[in-house]
Each structure stands twice: as C-alpha cells, then as structure tokens.
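Coordinates as given in final19.cif (mmCIF, C-alpha atoms):
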```cif
data_coords
#
loop_
_atom_site.label_atom_id
_atom_site.label_comp_id
_atom_site.auth_asym_id
_atom_site.auth_seq_id
_atom_site.Cartn_x
_atom_site.Cartn_y
_atom_site.Cartn_z
CA MET A 1 -107.75 90.34 -152.54
CA ASN A 2 -104.93 88.51 -150.85
CA GLN A 3 -105.78 87.76 -147.27
CA HIS A 4 -103.08 86.68 -144.85
CA ALA A 5 -103.08 85.31 -141.31
CA LYS A 6 -101.65 86.92 -138.23
CA ILE A 7 -101.32 85.82 -134.60
CA THR A 8 -103.06 88.55 -132.60
CA CYS A 9 -103.27 87.07 -129.10
CA THR A 10 -101.63 84.30 -127.08
CA SER A 11 -102.64 82.62 -123.84
CA ARG A 12 -101.90 79.62 -121.67
CA TYR A 13 -103.13 77.57 -118.75
CA VAL A 14 -101.26 74.95 -116.73
CA PRO A 15 -102.77 72.97 -113.87
CA GLU A 16 -101.99 74.31 -110.40
CA ASN A 17 -100.35 71.13 -109.13
CA ALA A 18 -96.61 71.73 -109.67
CA VAL A 19 -94.60 68.54 -109.20
CA SER A 20 -90.89 68.97 -108.50
CA ASN A 21 -88.14 66.50 -109.32
CA HIS A 22 -87.70 66.06 -105.60
CA GLN A 23 -91.33 65.03 -105.25
CA LEU A 24 -90.87 62.46 -108.03
CA SER A 25 -87.79 61.12 -106.23
CA THR A 26 -90.05 60.13 -103.34
CA MET A 27 -92.23 58.12 -105.75
CA MET A 28 -89.57 56.40 -107.88
CA ASP A 29 -85.84 55.73 -107.96
CA THR A 30 -84.60 59.04 -109.37
CA SER A 31 -83.18 62.34 -108.15
CA ASP A 32 -83.44 66.05 -108.82
CA GLU A 33 -79.80 66.16 -109.90
CA TRP A 34 -80.23 63.27 -112.31
CA ILE A 35 -83.36 64.65 -113.99
CA SER A 36 -82.29 68.28 -114.21
CA SER A 37 -78.75 67.63 -115.45
CA ARG A 38 -79.92 65.23 -118.14
CA THR A 39 -83.12 66.85 -119.34
CA GLY A 40 -83.13 70.43 -118.07
CA ILE A 41 -86.49 69.73 -116.38
CA ARG A 42 -86.91 70.86 -112.75
CA SER A 43 -90.66 70.82 -112.37
CA ARG A 44 -93.84 70.08 -114.31
CA ASN A 45 -97.55 70.59 -113.72
CA ILE A 46 -99.79 67.56 -113.40
CA VAL A 47 -103.57 67.62 -113.36
CA ILE A 48 -105.43 66.30 -110.36
CA ASN A 49 -108.96 66.07 -111.73
CA GLU A 50 -108.90 68.10 -114.95
CA ASN A 51 -108.92 66.62 -118.42
CA THR A 52 -107.52 68.02 -121.68
CA SER A 53 -110.72 69.86 -122.56
CA ASP A 54 -110.75 71.61 -119.17
CA LEU A 55 -107.27 72.99 -119.83
CA CYS A 56 -108.16 74.03 -123.37
CA ILE A 57 -111.42 75.68 -122.25
CA LYS A 58 -109.42 77.79 -119.80
CA VAL A 59 -107.10 78.86 -122.62
CA ALA A 60 -110.03 79.67 -124.91
CA GLY A 61 -111.68 81.76 -122.18
CA LYS A 62 -108.47 83.68 -121.58
CA LEU A 63 -108.01 84.32 -125.30
CA LEU A 64 -111.52 85.79 -125.51
CA GLU A 65 -110.98 87.87 -122.39
CA LYS A 66 -107.59 89.22 -123.44
CA SER A 67 -108.60 90.05 -126.99
CA GLY A 68 -112.12 91.29 -126.31
CA ILE A 69 -113.49 89.35 -129.26
CA LYS A 70 -116.84 87.57 -129.06
CA ALA A 71 -116.99 83.78 -129.22
CA GLN A 72 -119.65 83.92 -131.93
CA ASP A 73 -117.20 85.73 -134.21
CA LEU A 74 -114.92 82.71 -134.34
CA ASP A 75 -114.96 80.85 -137.66
CA PHE A 76 -113.03 77.81 -136.49
CA ILE A 77 -111.38 76.16 -133.49
CA LEU A 78 -108.55 73.68 -133.95
CA VAL A 79 -107.10 71.75 -131.03
CA ALA A 80 -103.87 69.81 -131.36
CA THR A 81 -103.73 66.96 -128.88
CA MET A 82 -102.64 63.35 -128.48
CA THR A 83 -104.53 62.99 -125.20
CA PRO A 84 -108.14 63.94 -126.00
CA ASP A 85 -110.90 63.35 -123.43
CA TYR A 86 -112.76 61.08 -125.86
CA GLY A 87 -112.45 59.55 -129.31
CA THR A 88 -115.48 61.71 -129.95
CA PRO A 89 -116.50 64.45 -129.27
CA SER A 90 -113.25 66.14 -130.10
CA VAL A 91 -111.63 68.46 -127.57
CA ALA A 92 -112.18 71.27 -130.07
CA CYS A 93 -115.94 70.61 -130.06
CA LEU A 94 -115.98 70.51 -126.25
CA VAL A 95 -114.27 73.91 -126.25
CA GLN A 96 -116.61 75.26 -128.93
CA GLY A 97 -119.62 74.15 -126.89
CA LYS A 98 -118.36 75.52 -123.60
CA ILE A 99 -117.52 78.99 -124.93
CA SER A 100 -120.61 79.00 -127.22
CA ALA A 101 -118.67 79.66 -130.38
CA VAL A 102 -121.82 78.79 -132.29
CA ASN A 103 -120.53 79.91 -135.68
CA ALA A 104 -117.25 78.02 -135.50
CA PHE A 105 -116.53 74.57 -136.87
CA ALA A 106 -114.19 72.61 -134.65
CA PHE A 107 -111.97 69.57 -134.86
CA ASP A 108 -108.83 68.07 -133.36
CA ILE A 109 -105.51 67.51 -135.07
CA SER A 110 -103.53 64.45 -134.07
CA ALA A 111 -99.86 65.00 -134.74
CA ALA A 112 -98.39 64.47 -131.26
CA CYS A 113 -95.63 66.94 -130.43
CA SER A 114 -95.86 68.51 -133.91
CA GLY A 115 -99.57 69.10 -133.42
CA PHE A 116 -99.48 72.81 -132.77
CA VAL A 117 -97.28 73.52 -135.79
CA TYR A 118 -99.54 71.38 -137.98
CA ALA A 119 -102.66 73.07 -136.60
CA LEU A 120 -101.23 76.56 -137.03
CA SER A 121 -100.34 75.70 -140.60
CA MET A 122 -103.90 74.47 -141.28
CA GLY A 123 -105.37 77.54 -139.59
CA GLU A 124 -103.24 79.80 -141.73
CA LYS A 125 -104.62 78.11 -144.87
CA LEU A 126 -108.20 78.55 -143.61
CA ILE A 127 -107.61 82.27 -143.16
CA ARG A 128 -105.86 82.56 -146.50
CA THR A 129 -108.87 80.98 -148.20
CA GLY A 130 -111.41 83.31 -146.64
CA LYS A 131 -112.05 82.66 -142.94
CA LYS A 132 -111.56 85.68 -140.70
CA LEU A 133 -110.91 84.46 -137.19
CA GLY A 134 -109.79 81.21 -135.64
CA MET A 135 -108.49 79.77 -132.43
CA ILE A 136 -105.56 77.32 -132.43
CA ILE A 137 -104.88 75.49 -129.17
CA GLY A 138 -102.41 72.80 -128.18
CA GLY A 139 -103.44 70.94 -125.03
CA GLU A 140 -102.40 67.74 -123.28
CA THR A 141 -102.87 65.71 -120.14
CA LEU A 142 -99.95 63.40 -120.76
CA SER A 143 -100.09 62.29 -117.11
CA LYS A 144 -102.93 59.94 -118.04
CA VAL A 145 -100.89 58.02 -120.62
CA LEU A 146 -97.70 57.77 -118.57
CA ASP A 147 -96.57 54.61 -116.83
CA TRP A 148 -95.90 56.11 -113.41
CA ASN A 149 -93.74 53.09 -112.54
CA ASP A 150 -91.37 53.81 -115.43
CA ARG A 151 -88.84 56.39 -114.32
CA SER A 152 -87.38 56.67 -117.81
CA THR A 153 -90.55 58.28 -119.18
CA ALA A 154 -92.59 59.48 -116.19
CA VAL A 155 -90.14 62.22 -115.28
CA LEU A 156 -90.10 63.78 -118.76
CA PHE A 157 -93.65 64.93 -119.32
CA GLY A 158 -96.15 67.45 -118.03
CA ASP A 159 -99.70 68.69 -118.58
CA GLY A 160 -100.82 72.04 -119.94
CA ALA A 161 -102.47 73.96 -122.75
CA ALA A 162 -101.88 77.16 -124.68
CA GLY A 163 -103.11 78.76 -127.82
CA VAL A 164 -103.37 81.70 -130.16
CA LEU A 165 -105.94 83.71 -132.05
CA LEU A 166 -105.38 83.79 -135.76
CA GLU A 167 -106.91 86.72 -137.62
CA ALA A 168 -107.06 87.95 -141.20
CA SER A 169 -104.46 90.59 -142.01
CA ASP A 170 -103.38 92.56 -145.07
CA GLU A 171 -99.75 91.88 -144.34
CA GLU A 172 -98.00 88.58 -144.83
CA HIS A 173 -96.67 87.05 -141.61
CA PHE A 174 -96.25 83.40 -142.55
CA ILE A 175 -93.15 83.26 -144.72
CA SER A 176 -92.54 79.58 -145.31
CA GLU A 177 -93.13 76.16 -143.84
CA LYS A 178 -92.19 72.53 -144.22
CA LEU A 179 -94.30 69.79 -142.66
CA GLN A 180 -93.15 66.18 -142.82
CA SER A 181 -94.26 62.72 -141.69
CA ASP A 182 -92.86 59.21 -141.73
CA GLY A 183 -95.32 56.51 -140.71
CA GLN A 184 -92.76 53.81 -141.44
CA ARG A 185 -91.04 54.81 -138.21
CA GLY A 186 -94.34 55.34 -136.43
CA LYS A 187 -93.94 52.57 -133.89
CA SER A 188 -90.84 54.27 -132.46
CA LEU A 189 -93.15 56.37 -130.31
CA THR A 190 -96.56 55.07 -129.33
CA SER A 191 -99.28 56.04 -126.90
CA GLY A 192 -102.98 55.48 -126.31
CA TYR A 193 -103.36 52.03 -127.86
CA ILE A 194 -106.89 50.79 -127.18
CA GLU A 195 -107.31 47.05 -126.91
CA ASN A 196 -110.25 45.63 -128.80
CA GLN A 197 -112.77 44.30 -126.24
CA SER A 198 -115.13 42.83 -128.79
CA PRO A 199 -116.24 39.20 -128.25
CA PHE A 200 -115.25 38.54 -131.87
CA TYR A 201 -111.71 39.78 -131.48
CA THR A 202 -109.04 37.09 -131.41
CA GLY A 203 -105.88 39.19 -131.59
CA THR A 204 -103.57 40.18 -128.79
CA ALA A 205 -102.80 43.65 -127.51
CA GLU A 206 -99.89 45.31 -129.31
CA SER A 207 -99.15 47.74 -126.54
CA SER A 208 -100.01 48.59 -122.96
CA GLY A 209 -101.42 51.92 -124.08
CA TYR A 210 -98.82 53.81 -122.06
CA LEU A 211 -96.52 56.23 -123.79
CA GLN A 212 -93.48 54.32 -125.02
CA MET A 213 -90.41 55.51 -126.87
CA ALA A 214 -87.60 53.73 -128.69
CA GLY A 215 -85.04 56.13 -127.29
CA ARG A 216 -82.26 55.90 -129.83
CA ASP A 217 -84.56 56.03 -132.86
CA ILE A 218 -86.20 59.16 -131.50
CA TYR A 219 -82.84 60.69 -130.61
CA ASP A 220 -81.48 60.12 -134.12
CA PHE A 221 -84.73 61.44 -135.59
CA SER A 222 -84.47 64.61 -133.51
CA LEU A 223 -80.89 65.27 -134.46
CA ASN A 224 -81.03 64.33 -138.13
CA ASP A 225 -84.50 64.79 -139.63
CA VAL A 226 -85.50 67.70 -137.46
CA THR A 227 -82.21 69.53 -137.93
CA ASN A 228 -82.44 69.10 -141.71
CA ASN A 229 -86.01 70.37 -141.66
CA ILE A 230 -85.06 73.53 -139.77
CA ARG A 231 -82.03 74.04 -141.99
CA GLU A 232 -84.29 74.16 -145.03
CA ILE A 233 -86.40 77.03 -143.80
CA VAL A 234 -84.29 78.99 -141.31
CA GLU A 235 -82.88 82.31 -142.49
CA ASP A 236 -79.81 84.16 -141.22
CA ASP A 237 -81.76 87.02 -139.71
CA VAL A 238 -84.14 84.86 -137.66
CA ASP A 239 -84.50 86.29 -134.15
CA TYR A 240 -85.63 83.25 -132.17
CA LEU A 241 -86.34 79.57 -132.62
CA LEU A 242 -89.12 77.96 -130.59
CA LEU A 243 -88.59 74.22 -130.74
CA HIS A 244 -90.76 71.58 -129.16
CA GLN A 245 -89.54 71.34 -125.58
CA ALA A 246 -88.50 67.70 -125.26
CA ASN A 247 -85.04 67.92 -123.79
CA LYS A 248 -82.56 70.74 -123.26
CA ARG A 249 -79.66 68.66 -124.51
CA ILE A 250 -81.37 67.87 -127.79
CA ILE A 251 -81.87 71.61 -128.32
CA GLU A 252 -78.19 72.22 -127.53
CA LYS A 253 -77.15 69.58 -130.07
CA ILE A 254 -79.48 71.00 -132.73
CA SER A 255 -78.11 74.49 -132.06
CA LYS A 256 -74.58 73.20 -132.60
CA LYS A 257 -75.45 71.27 -135.75
CA LEU A 258 -77.23 74.27 -137.26
CA ASN A 259 -74.49 76.64 -136.15
CA VAL A 260 -77.16 78.94 -134.72
CA PRO A 261 -76.32 80.52 -131.34
CA ARG A 262 -77.91 78.73 -128.38
CA GLU A 263 -79.31 82.06 -127.09
CA LYS A 264 -81.68 82.16 -130.06
CA PHE A 265 -83.39 78.98 -128.85
CA LEU A 266 -86.02 79.84 -126.25
CA THR A 267 -86.77 77.19 -123.63
CA ASN A 268 -89.24 76.59 -120.84
CA MET A 269 -89.05 72.85 -120.30
CA GLU A 270 -87.36 73.74 -116.99
CA HIS A 271 -90.76 74.30 -115.38
CA ASN A 272 -93.14 72.60 -117.83
CA GLY A 273 -91.46 69.38 -118.86
CA ASN A 274 -92.40 67.99 -122.24
CA THR A 275 -96.03 68.95 -122.85
CA SER A 276 -96.23 67.61 -126.43
CA ALA A 277 -98.63 69.73 -128.53
CA ALA A 278 -98.82 72.37 -125.81
CA SER A 279 -95.08 73.01 -125.58
CA ILE A 280 -94.66 75.51 -128.42
CA PRO A 281 -97.71 77.70 -127.66
CA LEU A 282 -96.78 77.64 -123.95
CA LEU A 283 -93.32 78.89 -124.87
CA LEU A 284 -94.79 81.46 -127.22
CA ASP A 285 -97.15 82.89 -124.63
CA GLU A 286 -94.54 82.89 -121.86
CA SER A 287 -92.11 84.68 -124.17
CA VAL A 288 -94.74 87.27 -125.10
CA GLU A 289 -95.55 87.78 -121.44
CA SER A 290 -91.88 88.25 -120.50
CA GLY A 291 -91.39 90.69 -123.38
CA VAL A 292 -88.81 88.62 -125.25
CA LEU A 293 -91.31 88.33 -128.08
CA GLN A 294 -93.76 91.06 -129.06
CA LEU A 295 -96.76 90.54 -131.28
CA GLY A 296 -96.70 93.06 -134.13
CA SER A 297 -92.97 93.64 -133.71
CA LYS A 298 -92.02 91.91 -136.99
CA GLN A 299 -89.57 89.73 -135.06
CA LYS A 300 -88.76 86.75 -137.23
CA ILE A 301 -89.24 83.38 -135.53
CA VAL A 302 -89.19 79.68 -136.36
CA LEU A 303 -91.64 77.28 -134.72
CA THR A 304 -90.57 73.64 -134.92
CA GLY A 305 -92.49 70.62 -133.68
CA TYR A 306 -91.31 67.01 -133.77
CA GLY A 307 -92.61 63.81 -132.32
CA GLY A 308 -94.87 60.81 -132.69
CA GLY A 309 -96.15 59.76 -136.07
CA LEU A 310 -93.39 60.35 -136.81
CA THR A 311 -94.26 63.93 -137.57
CA TRP A 312 -92.13 67.04 -137.74
CA GLY A 313 -92.35 70.48 -139.22
CA SER A 314 -91.31 74.09 -139.06
CA ILE A 315 -92.96 77.42 -139.76
CA LEU A 316 -90.94 80.58 -140.44
CA MET A 317 -92.98 83.67 -139.62
CA THR A 318 -92.92 87.25 -138.42
CA LEU A 319 -94.85 88.27 -135.34
CA MET B 1 -56.30 51.22 -132.76
CA VAL B 2 -60.05 50.61 -132.42
CA PHE B 3 -59.83 51.24 -128.69
CA GLU B 4 -57.87 54.49 -129.08
CA LYS B 5 -60.42 55.84 -131.56
CA ILE B 6 -63.36 54.89 -129.33
CA GLN B 7 -61.57 56.30 -126.30
CA ALA B 8 -61.09 59.61 -128.11
CA ILE B 9 -64.79 59.73 -129.03
CA ILE B 10 -65.88 59.09 -125.44
CA VAL B 11 -63.40 61.65 -124.09
CA GLU B 12 -64.74 64.23 -126.53
CA GLU B 13 -68.44 63.45 -125.95
CA LEU B 14 -68.35 63.19 -122.17
CA GLY B 15 -65.60 65.68 -121.41
CA LYS B 16 -63.54 63.07 -119.56
CA GLU B 17 -59.78 62.50 -119.27
CA PRO B 18 -58.36 59.63 -121.40
CA GLU B 19 -57.15 57.85 -118.23
CA GLU B 20 -60.77 57.56 -117.09
CA VAL B 21 -61.76 55.61 -120.19
CA LYS B 22 -60.40 52.07 -119.98
CA LEU B 23 -61.58 48.87 -121.63
CA THR B 24 -63.28 47.72 -118.45
CA THR B 25 -65.01 51.06 -117.81
CA ASN B 26 -68.79 50.86 -117.49
CA ILE B 27 -69.92 53.79 -119.63
CA GLN B 28 -73.14 54.70 -117.89
CA GLU B 29 -72.18 53.89 -114.33
CA GLU B 30 -68.54 54.92 -114.14
CA LEU B 31 -68.59 57.81 -116.60
CA ASP B 32 -71.95 59.10 -115.41
CA ALA B 33 -73.38 58.95 -118.91
CA ASP B 34 -77.09 58.57 -119.60
CA SER B 35 -78.88 57.02 -122.55
CA LEU B 36 -78.61 60.18 -124.69
CA ASP B 37 -74.83 60.23 -124.13
CA LEU B 38 -74.65 56.58 -125.14
CA PHE B 39 -76.74 57.23 -128.28
CA GLN B 40 -74.42 60.06 -129.23
CA ILE B 41 -71.28 57.96 -128.64
CA ILE B 42 -72.79 55.18 -130.78
CA ASN B 43 -73.59 57.66 -133.55
CA GLU B 44 -70.03 58.99 -133.53
CA ILE B 45 -68.62 55.45 -133.62
CA GLU B 46 -70.89 54.56 -136.53
CA ASP B 47 -69.57 57.55 -138.47
CA ALA B 48 -65.94 57.02 -137.49
CA PHE B 49 -65.85 53.34 -138.50
CA ASP B 50 -68.51 53.48 -141.21
CA ILE B 51 -70.56 50.73 -139.57
CA LYS B 52 -74.12 50.37 -138.28
CA ILE B 53 -74.75 49.51 -134.65
CA GLU B 54 -78.29 48.13 -134.76
CA SER B 55 -79.00 48.08 -131.05
CA GLU B 56 -77.47 49.53 -127.94
CA ASP B 57 -78.67 46.49 -125.96
CA GLY B 58 -75.75 44.68 -124.39
CA ILE B 59 -73.41 47.64 -124.61
CA THR B 60 -72.30 48.55 -121.12
CA THR B 61 -68.50 48.73 -121.14
CA VAL B 62 -65.93 50.24 -123.48
CA GLN B 63 -64.85 46.67 -124.27
CA ASP B 64 -68.38 45.94 -125.55
CA LEU B 65 -68.01 48.77 -128.05
CA VAL B 66 -64.55 47.66 -129.14
CA THR B 67 -65.74 44.07 -129.61
CA TYR B 68 -68.77 45.22 -131.59
CA VAL B 69 -66.67 47.35 -133.94
CA GLU B 70 -64.00 44.66 -134.41
CA LYS B 71 -66.66 42.07 -135.30
CA GLN B 72 -68.26 44.41 -137.81
CA LYS B 73 -64.94 45.27 -139.41
CA ALA B 74 -63.72 41.65 -139.53
#
```

Encoded form using structure tokens:
Amino acid sequence: MNQHAKITCTSRYVPENAVSNHQLSTMMDTSDEWISSRTGIRSRNIVINENTSDLCIKVAGKLLEKSGIKAQDLDFILVATMTPDYGTPSVACLVQGKISAVNAFAFDISAACSGFVYALSMGEKLIRTGKKLGMIIGGETLSKVLDWNDRSTAVLFGDGAAGVLLEASDEEHFISEKLQSDGQRGKSLTSGYIENQSPFYTGTAESSGYLQMAGRDIYDFSLNDVTNNIREIVEDDVDYLLLHQANKRIIEKISKKLNVPREKFLTNMEHNGNTSAASIPLLLDESVESGVLQLGSKQKIVLTGYGGGLTWGSILMTL
Amino acid sequence: MVFEKIQAIIVEELGKEPEEVKLTTNIQEELDADSLDLFQIINEIEDAFDIKIESEDGITTVQDLVTYVEKQKA
C-alpha cells in the first residue's frame, strides 16, 4: 500500500512582548521609517524569559488541542531550530517530555532558515515509509544570538514558533521537492559559535557567537540560488508561494525574476520579522487562520526556505 | 561612457532622475540607498561590464564605481 503524508493541523505561538521599530529606535540609532521601508518589518516579538523549547511546547500543546489527537499517538517529533536551549537534550526531546508523547522519537534538525522545509521533507519520508503521525515544529529565540548593539542585524529578527501535524493519507499531497546545501559558502552566515574553554585549547575564537551575515553574499545567494531552486519546481497553476520571511524586498525581487505575480507571495514579516525556521510555519498558520489557505482545499503551494549552511530548498504540495 | 552606463543603472535601480546622479554623489547618503540597493547596483554593473566586483568596501560615491570599472577594464 502506498501511504502518503498530509498536513492536517497548523498552529503557532509568538511571545507576548511585541517590540516596535519605534521602540528599537530608542535603543539604537535607527528609525521606524528606515526599517520598514527597507525590510518591510514594523514589529517583532521578543521573549522576555522564555526559551525555544517553551515556545515549541506551546505550539505542540495547541496542535494537540486543536486536532484532538492524543500525545501518545505521535510517532515522531521533529523540531527545526538554530537556537536550541541546549546542545543536548534537543528541543524536540524537551517537547516530547513535556507533552508526554511517550511513543514518539524526537530530534532537532539544524538547517537555519531552511529548517522547517528540511524537517517537513524528512517527516514526509517517515510517513511514506510507515509512520502514521508526526509533529513538525520550527521554533527560534533569535534574540539570544543577536548583537543588540549592531543595528544592521538586531532590527531584522524576531522570536516565535509554529508547526504542523503530519498524518498518513491515501492521497498524495507532496508533489515534488528540491533541497540543496553549500557548505563552501557556510561562513557567509554564522551564529552560535562556542569558544573552547578547555585548558588544553590553544586556538583563538573564530567568532563572537553572535549572528553575523556577509550581506552581499547572502543577497546574491537569495536572488540567484534560491530563485533557480524555486524555478525548478514551481508550476504555472501554483496558488501561493510561502518563502522564508527575511526581507520584503528580496521577495519582490524573486517575484520579478520568476515572473510570478507578487500577490501570490504571502508575507508576514511585517509583524514577525525574520524568525528563521519558524517563519514558514508561522506564515502557514496565519494564512490558514485568515482563510487565505484552507487545509484539504487542494490549493497548490510552494514552501521555500533559505539561509545559513548555506541551505535552501522548496517543496511543492497541495493542501 | 562608463559613467553614463553606471548612471543609467542607478537611475533604473533607485528610481531617481539622471540629474541626481553625479560623479560626486554619495550613493547611500544622497540617494537614500541602503546596502541591498548597493548590492543590486553592483550586480547590475558586474553584468553590464562583464567584470567582478569582489567587495563593496570603499564604494561610497558614483566616482568610486566608475574608477573601479575603469581599472578592471584597463
């Protein structure tokens, strides 16, 4: 029997503390006009005391509540994150423990802003090879890796988490995908470097550990590699494209290069900022909530993540 | 020739009038461009002149771009 995967529920959680551009302009030399005209971002949510697992646990709880499924029926939990609470245990295991999903195996996927697309792709394979029910979450507290004295990066990012339930289905929903990586350009975007504190260590720290980007390399990557990736899998009758929410202008450029109308590109970076692995599932859940997307409607969508690694990838699917 | 081509690229990318783009113009400050605008202008110049601009460091005015291109083409 051919078993396929289907997204049957979406959910999200963002921390309550909404931080406006204006508020940032009181902390660093920037302005609302500058940030919003250049990035599309007006506000983002920043944790006060929560960590990534807290956000993901909220999402997992909401998914269980909305769907009515029992935690012990879950076969697996995958969390995409570049800002886990610990090296170990994984955020996924912390979620699994908290919701008592005792029959689920759980692990994190580290693919930065492509993380959710990578995790969804892996989850789809798990279902296709026999698992029945899984939870895929993207969650980040990027605020803890930002240099809050660097106005060129601090204004761009936000915290949040969102996820989906993936269930076995007789119908095929995942049409095609293309996941790519290029470690040779990996140092163009770095975060979370941990300096070796061992008494035997004689090296010097390569990085501060803060999130750092080589702007032009990442810009060219977004416009060239990512556009080519989408071009390979997008079809004429696609209804909407949900791209990683890094910057409104990058999405506008990609829309132009692909010759796909801008209206087909959904966005929410206006109030979330760039939330890395959480950006696509946040957009998905917000769009389901607003009615633009409907689960079970057969709407054809493309999900595209791109970011550190470098990693990038797209999934073409029907809802 | 190099200047006119670069001027046309900047006018197109930033939606400015040609008179606003002079050799002495500071691209980011006077034309209200940000780093993404500069990256895009550099990309267009690379394509137009078939050259590679390795780093945007030190590029602030239109003259800087013209000098860079003329050196590469020399």

So that each row is one residue of chain B with an atom at most 9 Å from chain A, can you give its shortest atom pair and the distance in Å to one decimal, using all atoms listed in the file, rows by chain and rising number, as a Markdown table?
```
| residue | atom | partner | partner_atom | distance |
| --- | --- | --- | --- | --- |
| B:Asp34 | CA | A:Arg38 | CA | 7.4 |
| B:Ser35 | CA | A:Gly215 | CA | 7.8 |
| B:Leu36 | CA | A:Tyr219 | CA | 7.3 |
| B:Leu38 | CA | A:Arg216 | CA | 9.0 |
| B:Phe39 | CA | A:Arg216 | CA | 5.9 |
| B:Gln40 | CA | A:Tyr219 | CA | 8.6 |
| B:Asn43 | CA | A:Asp220 | CA | 8.3 |
| B:Ser55 | CA | A:Arg216 | CA | 8.6 |
| B:Glu56 | CA | A:Arg216 | CA | 8.2 |
```

Report task. Name the residues that the PyMOL selection byres ((chain B and resi 24) around 9) pulls out of this structure, and write them as a list in words. Result -> Val21, Lys22, Leu23, Thr25, Asn26, Thr61, Val62, Gln63 and Asp64 of chain B

Can you find the residues with an atom no farther than 12 Å from (-63.8, 59.9, -128.1), counting all atoms listed in the file, and report them as a short mmCIF file (atom, residue, chain, number, x, y, z; two decimals) with C-alpha atoms, in the frame of the given file?
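And here's selection-v2.cif as it stands now:
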```
data_model
loop_
_atom_site.label_atom_id
_atom_site.label_comp_id
_atom_site.auth_asym_id
_atom_site.auth_seq_id
_atom_site.Cartn_x
_atom_site.Cartn_y
_atom_site.Cartn_z
CA VAL B 2 -60.05 50.61 -132.42
CA PHE B 3 -59.83 51.24 -128.69
CA GLU B 4 -57.87 54.49 -129.08
CA LYS B 5 -60.42 55.84 -131.56
CA ILE B 6 -63.36 54.89 -129.33
CA GLN B 7 -61.57 56.30 -126.30
CA ALA B 8 -61.09 59.61 -128.11
CA ILE B 9 -64.79 59.73 -129.03
CA ILE B 10 -65.88 59.09 -125.44
CA VAL B 11 -63.40 61.65 -124.09
CA GLU B 12 -64.74 64.23 -126.53
CA GLU B 13 -68.44 63.45 -125.95
CA LEU B 14 -68.35 63.19 -122.17
CA GLY B 15 -65.60 65.68 -121.41
CA LYS B 16 -63.54 63.07 -119.56
CA GLU B 17 -59.78 62.50 -119.27
CA PRO B 18 -58.36 59.63 -121.40
CA GLU B 20 -60.77 57.56 -117.09
CA VAL B 21 -61.76 55.61 -120.19
CA LYS B 22 -60.40 52.07 -119.98
CA ASP B 37 -74.83 60.23 -124.13
CA LEU B 38 -74.65 56.58 -125.14
CA GLN B 40 -74.42 60.06 -129.23
CA ILE B 41 -71.28 57.96 -128.64
CA ILE B 42 -72.79 55.18 -130.78
CA ASN B 43 -73.59 57.66 -133.55
CA GLU B 44 -70.03 58.99 -133.53
CA ILE B 45 -68.62 55.45 -133.62
CA ALA B 48 -65.94 57.02 -137.49
CA VAL B 62 -65.93 50.24 -123.48
CA LEU B 65 -68.01 48.77 -128.05
#
```

Report task. Could you give me, as a list in words, the residues that have an atom at most 10 Å away from the point (-122.8, 80.6, -130.0) in the coordinates of the file, using all atoms listed in the file? Result -> Lys70, Ala71, Gln72, Asp73, Leu74, Gln96, Gly97, Lys98, Ile99, Ser100, Ala101, Val102, Asn103 and Ala104 of chain A

Go ahead and write the residues just picked, C-alpha atoms, as a compact mmCIF listing (two decimals), keeping the file's coordinate frame.
```
# COMPACT_ATOMS: atom_id res chain seq x y z
CA LYS A 70 -116.84 87.57 -129.06
CA ALA A 71 -116.99 83.78 -129.22
CA GLN A 72 -119.65 83.92 -131.93
CA ASP A 73 -117.20 85.73 -134.21
CA LEU A 74 -114.92 82.71 -134.34
CA GLN A 96 -116.61 75.26 -128.93
CA GLY A 97 -119.62 74.15 -126.89
CA LYS A 98 -118.36 75.52 -123.60
CA ILE A 99 -117.52 78.99 -124.93
CA SER A 100 -120.61 79.00 -127.22
CA ALA A 101 -118.67 79.66 -130.38
CA VAL A 102 -121.82 78.79 -132.29
CA ASN A 103 -120.53 79.91 -135.68
CA ALA A 104 -117.25 78.02 -135.50
```

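Residues with any atom within 7 Å of Gln245 in chain A, counting all atoms listed in the file and excluding same-chain neighbours fewer than 4 positions away, are Thr267, Met269, Asn274 and Ser279 of chain A.
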
Query raised in the report: For Asp32 in chain B, which residue out of A:Pro15, A:Glu33, A:Arg128, A:Asn229 is the nearest one, using only C-alpha atoms?
Result: A:Glu33

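Atom pair CA of Leu126 in chain A / CA of Ile315 in chain A has a distance of 15.8 Å (rounded to one decimal).
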
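For the pair CA of Gly296 in chain A and CA of His173 in chain A, the separation is 9.6 Å.
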
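When the PyMOL selection byres ((chain A and resi 2) around 8) is evaluated against the file, it yields Met1, Gln3, His4, Arg128 and Asp170 of chain A.
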
**Report entry** Evaluate the PyMOL selection byres ((chain A and resi 18) around 12) and report residues as an MDAnalysis selection string
**Finding:** chainID A and resid 14:17 19:24 42:48 158:160 270:273

Can we get range 1-12 of chain A of that structure written down with N, CA and C atoms, as a tab-separated table (two decimals), in the first residue's frame?
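Below you can see result-v1.tsv, which holds the result:
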```tsv
chain	number	residue	atom	x	y	z
A	1	MET	N	0.83	-1.21	0.00
A	1	MET	CA	0.00	0.00	0.00
A	1	MET	C	0.87	1.25	0.00
A	2	ASN	N	0.50	2.18	-0.84
A	2	ASN	CA	1.22	3.45	-0.85
A	2	ASN	C	0.64	4.40	0.18
A	3	GLN	N	1.46	4.80	1.10
A	3	GLN	CA	0.99	5.72	2.13
A	3	GLN	C	1.62	7.09	1.92
A	4	HIS	N	0.79	8.12	1.94
A	4	HIS	CA	1.29	9.48	1.72
A	4	HIS	C	1.11	10.31	2.97
A	5	ALA	N	1.72	11.49	2.96
A	5	ALA	CA	1.63	12.39	4.11
A	5	ALA	C	0.74	13.58	3.79
A	6	LYS	N	0.08	14.06	4.83
A	6	LYS	CA	-0.80	15.21	4.67
A	6	LYS	C	-0.72	16.10	5.91
A	7	ILE	N	-0.70	17.40	5.70
A	7	ILE	CA	-0.75	18.34	6.82
A	7	ILE	C	-2.21	18.44	7.27
A	8	THR	N	-2.48	18.11	8.53
A	8	THR	CA	-3.87	18.09	8.98
A	8	THR	C	-4.18	19.16	10.02
A	9	CYS	N	-3.16	19.84	10.51
A	9	CYS	CA	-3.40	20.87	11.53
A	9	CYS	C	-2.20	21.80	11.57
A	10	THR	N	-2.45	23.07	11.81
A	10	THR	CA	-1.34	24.04	11.94
A	10	THR	C	-1.55	24.85	13.23
A	11	SER	N	-0.46	25.34	13.79
A	11	SER	CA	-0.59	26.16	14.98
A	11	SER	C	0.66	27.02	15.17
A	12	ARG	N	0.53	28.05	16.01
A	12	ARG	CA	1.69	28.92	16.22
A	12	ARG	C	1.65	29.53	17.62
```
